[in-house]
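Enquirer: Attaching a single structure in C-alpha cells format; questions to follow.
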Amino acid sequence: MKISILLISLFFISTFGFGQQKIGLVLSGGGASAMAHLGVIKALEENGVPIDFISGTSAGALIGALYACGYSPEEIEGFILSNEFLIMANGKIPEKNLFLFRDIDRNASVINFSISKDSVIRKSIPLNLITPTFLDFEMLTKMGQVSASNGKDFDRLFVPFRCVASDVVHKKSVTFSKGNLNEAVRASMTYPLYLNPIRINDTMYFDGGLYNNFPSDVMYNAFEVDYIIGSNVSQNAEIPDERDMFGVLMSMTTTPTSFNLPCKNGFIINPGSNIATFEFENIDQAINEGYQTAMEKMDSILPYIERRVLQVDLMNSRKEFRSKLIPIEVSEVNTILKDKSQFSFVNRSMIRASKNELLNNKVFEKRYFRLVSAPEISYVFPTLSLKNDSTYKVDLKVNKSNEFKIDVGGHFSSRPVNTGYLGLTYQYAGYLATALHAESYFGKFYGSVKTDLKLDFPFTFPVSLNAYFTMNRWDYFQSFATFFEDVQPSFLVQNEMYGGARVRLPVTNNSYTNFDFRYFSLEDDYYQTDAFTNQDTSDFTRFSGYSVSWDFLFNTLNRKQFANEGTNLHFKIRFIDGGESTIPGSTSILIDTVNKEHRWFNFEANFQRYFLKNKFMNLGIHLKSVFTTQSLFANYTASLLSFPYFDVVPDMNTFFLPQYRSPQFLGTGLNCVFTIKKKIDLRIDSYWYQPIKKLSKSQNGVLQNASFFTESNFLMSSSLIYNTLVGPIRLTVNFFPKQNDPFAFQISYGYVIFNEKAIR
C-alpha cells in the first residue's frame, strides 16, 4: 500500500511539478551597469536554468519586471539597445511624439525656472534633472497592460515578481507585490535628483537602492524558494571626503546594503563593469559583461540545479501568456489632480466621454503626448485598470506647472552686439489653457518689448488663438568691430511697432499652420553714404499698413540653434498693403518728401535637413528661396531695407549686408558638423547666394533692376561650439567676401535669436 502511494506521488510530481526545485533570481540596482543582469538572464536561459521568481531594485527592477511580463531576453535586449531607450534614459521625447503646435515661440533664453505663487522657494526648486515623460509612457505600455490584465497581482505575472522602493518619510524599504506594475517599478527607479519622485497611496517613494540595493531578503521571505541566484553590480558607497557635497548627501540618505544571501543554497554572480550610473550609451558592453561572467560561473551553479527548461518551451509558454493579454482600448480617463478646476482641460484633451469614444493604443499615444506638451502641465503619470467590459480606464496623476515662469538669457559676444533677454509668463489651465507672456531684449544693438496672450482650446483637433504686440529696435554701427576697437557712430537705425492676432492649427505632431493678421508701423533712419559726419542729417522713411499671412512649419531639428539632426520645412505667403513716407536728409539726392502706396505678395520657402549621420559627422543641406512682387521705395537704401535677406547664418542678423538683400533670390548651402566629443561640435557652413533680380542704381542715383541672375555671392562660417546645458559657447569666424574686411571673428555665449520682424 505504501509503495503504491509513493508511486502515485512520484507520478504527480513528475507530471504536475509538485515538489520541484524552485529557483529565484535577485537583481541589484546600479543604473546603466545593471543592464548586465540581462546578460546573466541570457546565460541562465541558454543553460536551461529555470527562473521561477524574481526580485529587483531600481534598474534591476526594470530588467526583472520586463522578464516577469513575458518578454524574452532577445526582446528586452532589442528594447534597451534601441534609440528609443536612449531617448527615454536621457529624459527626451521621440521625434514622432513631439507636438510642435504647443511649442513656444523661439527666444534667446538659456535657463528658465518656475515660481509657485503659494511658496516662492520651497515649491520652485526642481527635484529632477530629466523629465521622464517618455519613460513613464513606455513603462505603461510594456508593463501596465500586463499587470492590469492579470488583476494587478504580481504573483500572476509570467514570473512572480517583487520590487522594492524607499519610503523616505518613514525611512524604510517597501516591497511591492501588487498594484500597478509600471508604478511600482518607476518608484523603485526614482534616483534622487535624476528622476522626480512619485506618490503611491499618498506615500512618496524614491529609489529602492537607498535602503535595499540587493533584495535577497525579499526573495527569501516572499517566495518558497529552494535556490537563489544573485546578480550584483553594485556596492556600498565609500566614506566620502568632507568636501564632496554630493557624496556626503548620498551617505546621509542611504543605508548600507548586505550583498549576501540569506541562505546557503545559492550563488552570487558579480559582473565587473566600469560603466557609470548614467552611461546608457554603453549598455551593450554591460550586457556582454554580464553574459560572459555568468557563463564563467555556470560550473559553480549547474550542479545545484535539479531541473532544466528548454528555450523552445519557454518561448511557447511566453506566447501563451501574452495571448491572454487584453488589447489596449481606452474608454475612460480619470484625472487625479489637486486643483479640480483643471480637470476639464486634461479630460477634454484626452477623450470625449459624451461621444462614447474608444481609443486604441495608437490614438491614445497621440493624445497623451499632445496633452503632456502643454506648458501649463509639468508632469503626468499614467496607470491602467481593466474594466468589466474588457476596455481600460486610464488614471492620470497630473501635476500642474507653477503659475509663473521666468526665462533668462541673451547673446554675449566679443563684438558690440551684446543683448540680454528676460521673459515672464503667467500660465493656467482650466476650461482652456491660458498663457500671458511679456519679454524684453536689451542692449545697444538690439532692444525689444513683446507681450502676448495665448488661448489654447483642448479640442480633439486643438486650436490656439494668440493676440500680441511687439516693438523692435536695431541700431547698426561699425558691426565688424571687436572689443579691441572703437565702435563708430550708427549709420542705420530701424524701429518697428506692430500688433495683431494669430490662429494656429496642428497639421501633424511635427507641424502646424498659422493664419496671421497684423497692423504695423516701420521707421528707418539712415544715411545714403558711409562718409557722413555729425553735421549731416539722416533720411527718414516711415511705412505703415497691414499684412495678412499664412505659413506652414514642419520642424524636428534637435536644437533651437546650431542643430545637427532633424528637418525643417517652412513655407510662408504674405500680402502687404501700406503707405510710405520718405523725408530726405542731407546725404540724399532727393529734395522733397516722397509719399507712395505699396501692395505686394511675398513667397518664401526654407528647407534644411541633416541627411547623413554617423558617430563623428553629420551632413546637412539648406535651401532658401524668396520671391516678392514688391515695388521700389523712394530711394536705394529704403528699397534695400524693405527687401528680404539671406539670413542663413545666425550672425548675419547682427550685420547690415547689402550684398545678400534682393527682392527675389535662390540660396543653397551645406552644413557639415563634426562631433569632437559628446557636446563639442566643429561646424562648417558654406552657402551660395544667387539673386534672381537685383537692385542697382546709376551714377546719378536713379534706381534700376540689374539683369536677371547676376552678381552671385557666397559666404562661409566656421564655429567650434560647446553645447552646454545652459546654452552654446562658441568661437566663430564668418567670411563675407564682398566686405572691406571679409573676416569677422568672435567669441560668444548664448543664442542669436530676436523677435520676429513685422514684415521683412
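Identifiers for the C-alpha cells are assigned positionally: chains receive A, B, ... in sequence, residues are indexed from 1 per chain, and ligands are indexed from 1 in the order shown.
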With only C-alpha atoms as the counted atoms, please give the residues lying no more than 12 Å from Ser177 of chain A, apart from itself and same-chain residues fewer than 2 positions off, as a PyMOL selection string.
Expert: chain A and resi 53-56+65+147+151-157+160-165+174-175+179-181+183-185+218-219+222-223
Enquirer: Could you give me the residues within segment 399-433 of chain A that DSSP places in strand (DSSP E or B), as a ChimeraX atom specification?
Expert: /A:399-400,404-413,419-429,433
Enquirer: From the options A:His570, A:Ser300, A:Lys624, A:Asp539, which residue's atoms come nearest to Asp592 of chain A, counting only C-alpha atoms?
Expert: A:Asp539
Enquirer: Among segment 620-657 of chain A, which residues does DSSP mark as alpha helix (DSSP H) when it is run on the backbone? Keep the chain and numbering as in the structure and answer as a VMD selection string.
Expert: chain A and resid 636 to 642
Enquirer: I need the residue nearest Ile351 of chain A from this list: A:Thr460, A:Asn83, A:Ser188, A:Gln427. Use only C-alpha atoms for the distance.
Expert: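 Looking at the shortest contact to Ile351 of chain A, the residue is A:Thr460.
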Enquirer: In terms of the shortest atom-to-atom distance over only C-alpha atoms, which of A:Asn510, A:Glu138, A:Phe754, A:Thr529 is closest to Lys450 of chain A?
Expert: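 Using only C-alpha atoms, the shortest distance to Lys450 of chain A belongs to A:Phe754.
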Enquirer: Of the candidates A:Phe735, A:Phe134, A:Phe646, A:Tyr67, which one gets nearest to Glu45 of chain A if we count only C-alpha atoms?
Expert: A:Tyr67
Enquirer: Would you mind reading off the distance between atom CA of Thr654 of chain A and atom CA of Ile573 of chain A, one decimal, in Å?
Expert: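 Atom-to-atom, atom CA of Thr654 of chain A to atom CA of Ile573 of chain A, that is 25.2 Å.
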Enquirer: Which residues of segment 326-440 of chain A sit at most 10 Å from segment 712-729 of chain A, using only C-alpha atoms? Give each one's shortest atom pair and distance in Å (one decimal place), in chain and ascending residue order, as a Markdown table.
Expert:
```
| residue | atom | partner | partner_atom | distance |
| --- | --- | --- | --- | --- |
| A:Gly409 | CA | A:Gly727 | CA | 8.5 |
| A:Gly410 | CA | A:Gly727 | CA | 9.5 |
| A:His411 | CA | A:Gly727 | CA | 9.7 |
| A:Phe412 | CA | A:Ile729 | CA | 9.6 |
| A:Ser413 | CA | A:Ile729 | CA | 9.9 |
```
Enquirer: Interatomic distance between atom CA of Ile111 of chain A and atom CA of Ala433 of chain A?
Expert: 23.1 Å
Enquirer: Set the distance at 6 Å and use only C-alpha atoms: which residues neighbour Ile229 of chain A once local chain neighbours fewer than 6 positions away are removed? I'd like the list as an mmCIF file with all heavy atoms, in the first residue's frame.
Expert:
```cif
data_model
loop_
_atom_site.group_PDB
_atom_site.id
_atom_site.type_symbol
_atom_site.label_atom_id
_atom_site.label_comp_id
_atom_site.auth_asym_id
_atom_site.auth_seq_id
_atom_site.Cartn_x
_atom_site.Cartn_y
_atom_site.Cartn_z
ATOM 1 N N LEU A 25 15.740 34.563 -8.670
ATOM 2 C CA LEU A 25 16.783 35.432 -9.215
ATOM 3 C C LEU A 25 16.651 36.809 -8.568
ATOM 4 O O LEU A 25 15.598 37.431 -8.614
ATOM 5 C CB LEU A 25 16.640 35.557 -10.735
ATOM 6 C CG LEU A 25 17.643 36.475 -11.443
ATOM 7 C CD1 LEU A 25 19.070 35.956 -11.290
ATOM 8 C CD2 LEU A 25 17.279 36.626 -12.926
ATOM 9 N N GLY A 266 22.627 28.940 -2.683
ATOM 10 C CA GLY A 266 22.605 29.999 -3.677
ATOM 11 C C GLY A 266 23.999 30.375 -4.133
ATOM 12 O O GLY A 266 25.014 29.865 -3.647
ATOM 13 N N PHE A 267 24.015 31.292 -5.101
ATOM 14 C CA PHE A 267 25.287 31.733 -5.664
ATOM 15 C C PHE A 267 25.102 33.154 -6.195
ATOM 16 O O PHE A 267 24.064 33.482 -6.772
ATOM 17 C CB PHE A 267 25.726 30.810 -6.804
ATOM 18 C CG PHE A 267 27.122 31.085 -7.301
ATOM 19 C CD1 PHE A 267 28.217 30.484 -6.699
ATOM 20 C CD2 PHE A 267 27.333 31.951 -8.367
ATOM 21 C CE1 PHE A 267 29.498 30.740 -7.150
ATOM 22 C CE2 PHE A 267 28.608 32.210 -8.825
ATOM 23 C CZ PHE A 267 29.700 31.608 -8.214
ATOM 24 N N ILE A 268 26.115 33.989 -5.992
ATOM 25 C CA ILE A 268 26.053 35.378 -6.461
ATOM 26 C C ILE A 268 27.025 35.567 -7.616
ATOM 27 O O ILE A 268 28.202 35.225 -7.520
ATOM 28 C CB ILE A 268 26.381 36.369 -5.330
ATOM 29 C CG1 ILE A 268 25.352 36.263 -4.207
ATOM 30 C CG2 ILE A 268 26.409 37.804 -5.867
ATOM 31 C CD1 ILE A 268 25.630 37.177 -3.029
#
```
Enquirer: Please compute the atom CA of Val49 of chain A-atom CA of Val309 of chain A distance, one decimal, in Å.
Expert: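 Computed distance, atom CA of Val49 of chain A to atom CA of Val309 of chain A, equals 6.3 Å.
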Enquirer: Fewer than 4 positions away in the same chain doesn't count, so skip those; otherwise give me all residues within 7 Å of Phe206 of chain A, counting only C-alpha atoms, as a PyMOL selection string.
Expert: chain A and resi 165-168+187-188+190-192+197
Enquirer: Excluding Met295 of chain A and residues on its chain fewer than 4 positions from it, collect all residues at most 12 Å away from it, counting only C-alpha atoms, and give them as an mmCIF file with C-alpha atoms, in the first residue's frame.
Expert:
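The result, stored in around-v8.cif:
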```
data_model
loop_
_atom_site.group_PDB
_atom_site.id
_atom_site.type_symbol
_atom_site.label_atom_id
_atom_site.label_comp_id
_atom_site.auth_asym_id
_atom_site.auth_seq_id
_atom_site.Cartn_x
_atom_site.Cartn_y
_atom_site.Cartn_z
ATOM 1 C CA GLY A 39 23.371 39.119 -19.927
ATOM 2 C CA VAL A 40 23.066 36.944 -16.820
ATOM 3 C CA ILE A 41 19.485 36.008 -17.728
ATOM 4 C CA LYS A 42 20.558 35.121 -21.271
ATOM 5 C CA ALA A 43 23.246 32.818 -19.922
ATOM 6 C CA LEU A 44 20.842 31.151 -17.480
ATOM 7 C CA GLU A 45 18.265 30.508 -20.206
ATOM 8 C CA GLU A 46 20.860 29.098 -22.600
ATOM 9 C CA ASN A 47 21.895 26.613 -19.916
ATOM 10 C CA VAL A 49 18.294 27.150 -15.634
ATOM 11 C CA ILE A 269 27.311 36.455 -9.876
ATOM 12 C CA ASN A 270 29.276 39.723 -9.806
ATOM 13 C CA PRO A 271 29.699 41.090 -13.356
ATOM 14 C CA ASN A 288 28.193 41.329 -22.671
ATOM 15 C CA GLU A 289 29.996 41.557 -19.332
ATOM 16 C CA GLY A 290 27.013 40.042 -17.541
ATOM 17 C CA TYR A 291 26.769 37.231 -20.078
ATOM 18 C CA ASP A 299 30.188 25.248 -13.423
ATOM 19 C CA SER A 300 29.540 26.556 -9.921
ATOM 20 C CA ILE A 301 25.762 26.805 -10.459
ATOM 21 C CA LEU A 302 24.599 23.905 -12.650
#
```
Enquirer: At most 10 Å is the cut-off: for each residue in segment 524-609 of chain A with any atom that close to an atom of segment 668-682 of chain A, write down the nearest atom pair and the distance in Å rounded to one decimal, counting only C-alpha atoms, chain first then increasing number, as a tab-separated table.
Expert:
```
residue	atom	partner	partner_atom	distance
A:Phe562	CA	A:Val673	CA	9.3
A:Ala563	CA	A:Val673	CA	9.0
A:Asn564	CA	A:Val673	CA	6.5
A:Glu565	CA	A:Val673	CA	9.7
A:Asn606	CA	A:Thr668	CA	9.9
A:Phe607	CA	A:Thr668	CA	9.4
A:Gln608	CA	A:Asn671	CA	9.2
A:Arg609	CA	A:Asn671	CA	9.1
```
Enquirer: How would the residues just chosen look if you wrote them out with N, CA and C atoms as a short mmCIF file (atom, residue, chain, number, x, y, z; two decimals), in the first residue's frame?
Expert:
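And here is the file that came out, again_31.cif:
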```
data_model
loop_
_atom_site.label_atom_id
_atom_site.label_comp_id
_atom_site.auth_asym_id
_atom_site.auth_seq_id
_atom_site.Cartn_x
_atom_site.Cartn_y
_atom_site.Cartn_z
N PHE A 562 22.01 76.03 -34.04
CA PHE A 562 23.18 75.17 -34.21
C PHE A 562 22.80 73.69 -34.09
N ALA A 563 21.73 73.30 -34.77
CA ALA A 563 21.27 71.91 -34.76
C ALA A 563 22.23 71.04 -35.56
N ASN A 564 22.19 69.74 -35.30
CA ASN A 564 22.96 68.79 -36.11
C ASN A 564 22.15 67.55 -36.48
N GLU A 565 20.85 67.57 -36.19
CA GLU A 565 19.95 66.49 -36.56
C GLU A 565 18.58 67.07 -36.88
N ASN A 606 11.79 77.65 -47.13
CA ASN A 606 13.04 77.34 -46.43
C ASN A 606 13.07 75.85 -46.11
N PHE A 607 14.16 75.19 -46.46
CA PHE A 607 14.27 73.75 -46.22
C PHE A 607 15.67 73.43 -45.70
N GLN A 608 15.73 72.74 -44.58
CA GLN A 608 17.01 72.30 -44.02
C GLN A 608 16.86 70.88 -43.51
N ARG A 609 17.81 70.03 -43.87
CA ARG A 609 17.75 68.64 -43.43
C ARG A 609 19.15 68.07 -43.26
#
```
Enquirer: Name the closest residue to Asn558 of chain A among the candidates A:Tyr610, A:Thr425, A:Ser448, A:Ile589; distances are taken between atoms, counting only C-alpha atoms.
Expert: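 Looking only at the distances to Asn558 of chain A, the closest residue turns out to be A:Tyr610.
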